[in-house]
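Okay, run-v2.txt is below, compact mmCIF, C-alpha atoms:
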# COMPACT_ATOMS: atom_id res chain seq x y z
CA MET A 79 -18.09 8.74 17.73
CA ARG A 80 -20.67 6.64 15.89
CA GLU A 81 -19.65 8.27 12.59
CA ILE A 82 -15.96 7.52 13.21
CA LEU A 83 -16.62 3.88 14.11
CA GLY A 84 -18.83 3.44 11.08
CA ARG A 85 -16.18 4.90 8.82
CA ARG A 86 -13.53 2.60 10.25
CA ARG A 87 -15.72 -0.49 9.80
CA ARG A 88 -16.15 0.40 6.13
CA LEU A 89 -12.41 1.03 5.77
CA LEU A 90 -11.47 -2.36 7.21
CA SER A 91 -14.00 -4.22 5.12
CA ARG A 92 -12.48 -6.37 2.36
CA ARG A 93 -15.30 -5.58 -0.01
CA ASN A 94 -14.24 -3.35 -2.84
CA GLY A 95 -16.25 -0.46 -4.14
CA GLY A 96 -16.31 3.19 -5.05
CA GLY A 97 -18.09 6.36 -4.04
CA PRO A 98 -18.67 6.77 -0.28
CA GLU A 99 -16.44 3.82 0.63
CA LEU A 100 -13.44 5.28 -1.17
CA ILE A 101 -13.90 8.81 0.14
CA ASP A 102 -14.38 7.54 3.69
CA ALA A 103 -11.20 5.47 3.43
CA ALA A 104 -9.24 8.38 1.93
CA LEU A 105 -10.40 10.67 4.73
CA THR A 106 -9.40 8.14 7.39
CA PHE A 107 -5.92 7.78 5.90
CA ALA A 108 -5.45 11.54 5.54
CA THR A 109 -7.08 13.04 8.60
CA GLU A 110 -6.91 10.31 11.25
CA TRP A 111 -3.67 8.58 10.34
CA ARG A 112 -1.97 11.61 8.73
CA TRP A 113 -0.96 9.67 5.64
CA PRO A 114 -0.69 11.97 2.57
CA VAL A 115 -2.87 10.65 -0.25
CA LEU A 116 -3.99 11.65 -3.72
CA PRO A 117 -6.14 10.09 -6.46
CA GLY A 118 -4.55 7.62 -8.84
CA VAL A 119 -5.31 7.14 -12.51
CA SER A 120 -8.64 5.40 -12.93
CA PRO A 121 -8.59 2.14 -14.90
CA ALA A 122 -9.27 2.63 -18.61
CA PRO A 123 -12.64 1.73 -20.16
CA ARG A 124 -13.01 -1.80 -21.44
CA GLY A 125 -11.39 -2.47 -24.78
CA ARG A 126 -8.49 -0.09 -24.11
CA ALA A 127 -5.21 -0.37 -22.21
CA ARG A 128 -5.65 -1.22 -18.54
CA CYS A 129 -4.54 2.24 -17.38
CA GLY A 130 -6.12 5.59 -18.10
CA CYS A 131 -2.71 7.28 -18.46
CA PRO A 132 -1.12 7.94 -21.89
CA ASP A 133 1.44 5.11 -21.51
CA PRO A 134 0.11 2.02 -23.36
CA GLU A 135 2.70 -0.15 -21.58
CA CYS A 136 2.06 1.15 -18.05
CA THR A 137 3.39 -1.39 -15.54
CA VAL A 138 1.17 -0.28 -12.64
CA PRO A 139 -2.17 0.42 -14.38
CA GLY A 140 -4.39 2.66 -12.30
CA ALA A 141 -2.12 2.34 -9.27
CA HIS A 142 -0.10 5.52 -9.74
CA PRO A 143 -0.66 9.29 -9.72
CA PHE A 144 -0.79 11.26 -12.94
CA ASP A 145 -2.89 14.41 -12.61
CA PRO A 146 -2.27 15.71 -10.00
CA GLY A 147 1.31 14.58 -9.57
CA LEU A 148 2.75 12.88 -6.52
CA LEU A 149 3.86 16.15 -4.90
CA ALA A 150 0.18 17.11 -4.51
CA ALA A 151 -0.41 14.35 -1.92
CA THR A 152 -2.05 15.86 1.15
CA THR A 153 -3.67 15.24 4.52
CA ASP A 154 -6.07 18.15 4.06
CA ALA A 155 -9.67 16.97 4.42
CA ARG A 156 -11.10 19.63 2.09
CA MET A 157 -8.79 18.66 -0.74
CA VAL A 158 -9.45 14.95 -0.23
CA ARG A 159 -13.22 15.52 -0.29
CA TRP A 160 -12.94 17.62 -3.44
CA TRP A 161 -10.84 15.03 -5.25
CA TRP A 162 -13.08 12.03 -4.52
CA THR A 163 -16.31 14.00 -4.96
CA ASN A 164 -15.18 14.76 -8.49
CA ARG A 165 -13.48 11.39 -9.11
CA PRO A 166 -15.45 8.93 -6.94
CA SER A 167 -13.88 5.78 -8.42
CA ALA A 168 -10.25 6.99 -8.40
CA PRO A 169 -7.79 4.66 -6.62
CA ILE A 170 -6.32 5.96 -3.36
CA VAL A 171 -2.57 6.44 -3.68
CA LEU A 172 -0.29 6.84 -0.65
CA ALA A 173 2.83 9.00 -0.98
CA THR A 174 5.32 6.85 0.92
CA GLY A 175 8.11 8.20 3.09
CA GLY A 176 8.43 11.35 5.13
CA GLY A 177 5.96 10.94 7.97
CA ALA A 178 4.05 8.20 6.17
CA PRO A 179 4.83 4.48 6.09
CA CYS A 180 7.12 3.00 3.49
CA ALA A 181 6.70 -0.54 2.15
CA VAL A 182 8.48 -3.65 0.93
CA SER A 183 6.60 -5.54 -1.78
CA LEU A 184 7.04 -8.88 -3.51
CA PRO A 185 5.04 -11.14 -5.87
CA ALA A 186 1.83 -12.48 -4.37
CA LEU A 187 2.71 -16.20 -4.32
CA ALA A 188 6.11 -15.62 -2.74
CA ALA A 189 4.54 -13.23 -0.23
CA ALA A 190 1.92 -15.77 0.82
CA HIS A 191 4.63 -18.38 1.49
CA ALA A 192 6.79 -15.87 3.35
CA LEU A 193 3.95 -14.63 5.57
CA ALA A 194 2.93 -18.19 6.45
CA LEU A 195 6.47 -18.94 7.61
CA LEU A 196 6.75 -15.71 9.57
CA ASP A 197 3.43 -16.46 11.28
CA ARG A 198 4.74 -19.84 12.37
CA ARG A 199 7.76 -18.07 13.85
CA GLY A 200 5.55 -15.63 15.71
CA MET A 201 6.96 -12.52 14.03
CA ARG A 202 4.84 -9.41 14.47
CA LEU A 203 3.91 -7.71 11.21
CA GLY A 204 2.01 -4.54 10.50
CA PRO A 205 -0.66 -4.07 7.83
CA VAL A 206 -0.18 -5.98 4.57
CA ILE A 207 -1.73 -4.76 1.32
CA ALA A 208 -2.60 -7.28 -1.39
CA SER A 209 -3.27 -6.86 -5.09
CA PRO A 210 -3.71 -9.76 -7.53
CA THR A 211 -0.01 -9.67 -8.44
CA ARG A 212 1.92 -8.24 -5.47
CA TRP A 213 1.66 -7.89 -1.70
CA ALA A 214 3.20 -4.97 0.21
CA LEU A 215 4.29 -5.03 3.86
CA LEU A 216 4.11 -1.59 5.45
CA VAL A 217 7.18 -0.50 7.41
CA LYS A 218 8.42 2.57 9.25
CA PRO A 219 9.79 5.40 7.11
CA TYR A 220 13.41 4.93 6.07
CA SER A 221 15.99 6.92 4.13
CA MET A 222 17.70 5.81 0.94
CA GLU A 223 21.00 5.78 2.84
CA GLN A 224 19.51 3.46 5.46
CA LEU A 225 18.15 1.15 2.78
CA GLY A 226 21.44 1.14 0.89
CA GLU A 227 23.40 0.12 3.98
CA LEU A 228 20.88 -2.61 4.75
CA LEU A 229 21.06 -4.14 1.27
CA TYR A 230 24.83 -3.79 1.02
CA ALA A 231 25.25 -5.88 4.17
CA LYS A 232 23.35 -8.81 2.65
CA ASP A 233 24.88 -11.60 0.59
CA PHE A 234 21.69 -12.02 -1.43
CA VAL A 235 18.51 -9.99 -2.00
CA PRO A 236 15.83 -11.37 -4.35
CA GLY A 237 15.45 -9.19 -7.41
CA SER A 238 11.68 -9.46 -7.07
CA LEU A 239 11.66 -7.29 -3.93
CA ARG A 240 10.58 -3.70 -4.45
CA PHE A 241 11.07 -0.86 -2.01
CA HIS A 242 8.56 1.98 -1.74
CA GLY A 243 10.41 4.72 0.12
CA GLU A 244 10.74 8.50 0.00
CA GLY A 245 9.30 9.76 -3.28
CA GLY A 246 7.44 6.50 -3.90
CA TYR A 247 3.79 5.55 -3.89
CA LEU A 248 1.45 2.66 -3.21
CA ALA A 249 -2.24 2.02 -3.92
CA LEU A 250 -4.34 1.58 -0.78
CA PRO A 251 -7.55 -0.42 -0.16
CA PRO A 252 -10.29 -0.42 -1.25
CA SER A 253 -9.01 0.81 -4.62
CA GLU A 254 -9.77 -0.83 -7.94
CA THR A 255 -6.84 -0.72 -10.38
CA GLY A 256 -6.22 -2.07 -13.85
CA GLU A 257 -4.92 -5.28 -12.29
CA GLY A 258 -7.91 -5.76 -9.98
CA ALA A 259 -8.95 -5.01 -6.42
CA VAL A 260 -6.55 -3.79 -3.75
CA ARG A 261 -7.42 -5.22 -0.33
CA TRP A 262 -6.05 -5.75 3.16
CA GLU A 263 -4.39 -9.13 3.56
CA ARG A 264 -3.62 -8.04 7.13
CA ALA A 265 -5.96 -5.23 8.10
CA PRO A 266 -4.94 -2.50 10.55
CA LEU A 267 -6.43 -2.90 14.00
CA PRO A 268 -9.26 -0.47 14.78
CA GLY A 269 -8.21 2.61 16.72
CA SER A 270 -7.83 6.35 16.49
CA ALA A 271 -4.07 6.37 15.90
CA ALA A 272 -2.12 5.36 12.81
CA PRO A 273 -1.40 1.61 12.67
CA TRP A 274 1.81 0.22 14.13
CA VAL A 275 4.40 -0.80 11.53
CA PRO A 276 7.77 -2.59 11.99
CA ASP A 277 11.25 -1.42 11.07
CA VAL A 278 12.38 -2.08 7.51
CA GLU A 279 15.42 -4.03 8.75
CA ALA A 280 13.26 -6.60 10.52
CA VAL A 281 10.99 -7.08 7.52
CA VAL A 282 13.75 -7.36 4.93
CA ASP A 283 15.74 -9.80 7.09
CA ALA A 284 12.68 -11.95 7.71
CA VAL A 285 11.38 -11.91 4.13
CA VAL A 286 14.76 -12.71 2.57
CA ASP A 287 15.28 -15.55 5.05
CA ALA A 288 11.75 -16.86 4.50
CA LEU A 289 12.12 -16.86 0.71
CA THR A 290 15.46 -18.64 0.99
CA ARG A 291 14.13 -21.29 3.35
CA THR A 292 10.88 -21.94 1.46
CA GLY A 293 12.74 -22.16 -1.85
CA VAL A 294 10.07 -20.08 -3.57
CA SER A 295 11.31 -18.72 -6.87
CA ALA A 296 9.85 -15.24 -7.01
CA PRO A 297 9.69 -13.85 -10.56
CA GLU A 298 10.54 -10.22 -11.03
CA LEU A 299 7.06 -8.82 -11.56

structure tokens encoding of this file:
Amino acid sequence: MREILGRRRRLLSRRNGGGPELIDAALTFATEWRWPVLPGVSPAPRGRARCGCPDPECTVPGAHPFDPGLLAATTDARMVRWWWTNRPSAPIVLATGGGAPCAVSLPALAAAHALALLDRRGMRLGPVIASPTRWALLVKPYSMEQLGELLYAKDFVPGSLRFHGEGGYLALPPSETGEGAVRWERAPLPGSAAPWVPDVEAVVDAVVDALTRTGVSAPEL
């Protein structure tokens, strides 16, 4: 029990790092929460492109899988230990969809304004992941058909919104990517079960309304 509590305290910490902190976090995601994870591409050495992948114009440097590919994501503790023992600084990448959470993300400034408004309204949100450029609100898994119907019913959806559903991915804290540290803006509450997350409909409705009401112009980043 002491080991589990200690691991969770390190996971929920906002301090970024590598080594034991990353492997402990990856094991918590995979084995306790049953979220399939895999290592992302480590940021490139200084003086080179921000991502260690072959694409010099990579738009998500360090925050995506490469080798192994996304289909290798797993909840197996032995595989997770092997990956981060051999690549202790690799970002933790979540394979979204299936039994794992999906996410809705938007540029950081717009997200901060939207979350402030939703807090004032008393809306319950799940965990929120923040990078220097974008924030992602975790939601329950959804299908592409469900998402399509949701967006079709709306008069306006900001082009800056991104949807991380089945077949997608998302970097998890406390990863370090080519764009900087990934942290919890809203950390999951401690506990043995996977964190509660809201339905995608509620989040999209609230975020679109909040962006419209605050008048924040969210660039398509």

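Using only C-alpha atoms, the residues found no farther than 7 Å from segment 106-110 of chain A, other than those of its own chain fewer than 6 positions away, are A:Thr153, A:Asp154, A:Ala155, A:Ser270, A:Ala271.
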
Quick one: of A:Met222, A:Ile170, A:Cys136, A:Val281, who's nearest to Ser183 of chain A, counting all atoms listed in the file? A:Val281

Excluding same-chain residues fewer than 3 positions from segment 246-254 of chain A, what lies within 7 Å of it counting all atoms listed in the file, as a PyMOL selection string? chain A and resi 94-95+100+141+169-174+242-243+258-262

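Closest to Trp213 of chain A among A:Gly245, A:Gly226, A:Gly237, A:Pro185 is A:Pro185, based on only C-alpha atoms.
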
Restricting the calculation to all atoms listed in the file: of A:Ala231, A:Ala178, A:His191, A:Leu239, which residue gets closest to Ala214 of chain A? A:Leu239

Pick from A:Val286, A:Val158, A:Ala189, A:Ala181, whichever lies nearest to Lys232 of chain A using all atoms listed in the file: A:Val286

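Nearest to Leu195 of chain A of all the residues A:Val285, A:Ala104, A:Gln224, A:Asp233 is A:Val285, based on all atoms listed in the file.
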
Report the distance between atom CA of Ala150 of chain A and atom CA of Val115 of chain A in Å, rounded to one decimal place. 8.3 Å

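Interatomic distance, atom CA of Thr152 of chain A to atom CA of Gly175 of chain A: 12.9 Å.
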
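As for atom CA of Pro114 of chain A and atom CA of Pro146 of chain A, they are spaced 13.2 Å apart.
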
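The closest residue to Leu116 of chain A, picked from A:Ala280, A:Leu225, A:Cys131, A:Leu149 and counting all atoms listed in the file, is A:Leu149.
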
Non-local contacts of Glu257 of chain A (9 Å; all atoms listed in the file; under 5 positions in same chain excluded) as a PDB file with C-alpha atoms, in the frame of the given file:
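File produced: out35.pdb:
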ATOM      1  CA  PRO A 121      -8.590   2.140 -14.900  1.00  0.00           C
ATOM      2  CA  ARG A 128      -5.650  -1.220 -18.540  1.00  0.00           C
ATOM      3  CA  VAL A 138       1.170  -0.280 -12.640  1.00  0.00           C
ATOM      4  CA  PRO A 139      -2.170   0.420 -14.380  1.00  0.00           C
ATOM      5  CA  GLY A 140      -4.390   2.660 -12.300  1.00  0.00           C
ATOM      6  CA  ALA A 141      -2.120   2.340  -9.270  1.00  0.00           C
ATOM      7  CA  SER A 209      -3.270  -6.860  -5.090  1.00  0.00           C
ATOM      8  CA  PRO A 210      -3.710  -9.760  -7.530  1.00  0.00           C
ATOM      9  CA  THR A 211      -0.010  -9.670  -8.440  1.00  0.00           C
TER      10      THR A 211
END

So which residues touch Trp274 of chain A within 9 Å, counting only C-alpha atoms, skipping near sequence neighbours fewer than 5 positions away, as a PDB file with C-alpha atoms, in the coordinates of the input?
ATOM      1  CA  LEU A 203       3.910  -7.710  11.210  1.00  0.00           C
ATOM      2  CA  GLY A 204       2.010  -4.540  10.500  1.00  0.00           C
ATOM      3  CA  PRO A 205      -0.660  -4.070   7.830  1.00  0.00           C
ATOM      4  CA  VAL A 217       7.180  -0.500   7.410  1.00  0.00           C
ATOM      5  CA  LYS A 218       8.420   2.570   9.250  1.00  0.00           C
ATOM      6  CA  PRO A 266      -4.940  -2.500  10.550  1.00  0.00           C
ATOM      7  CA  LEU A 267      -6.430  -2.900  14.000  1.00  0.00           C
TER       8      LEU A 267
END
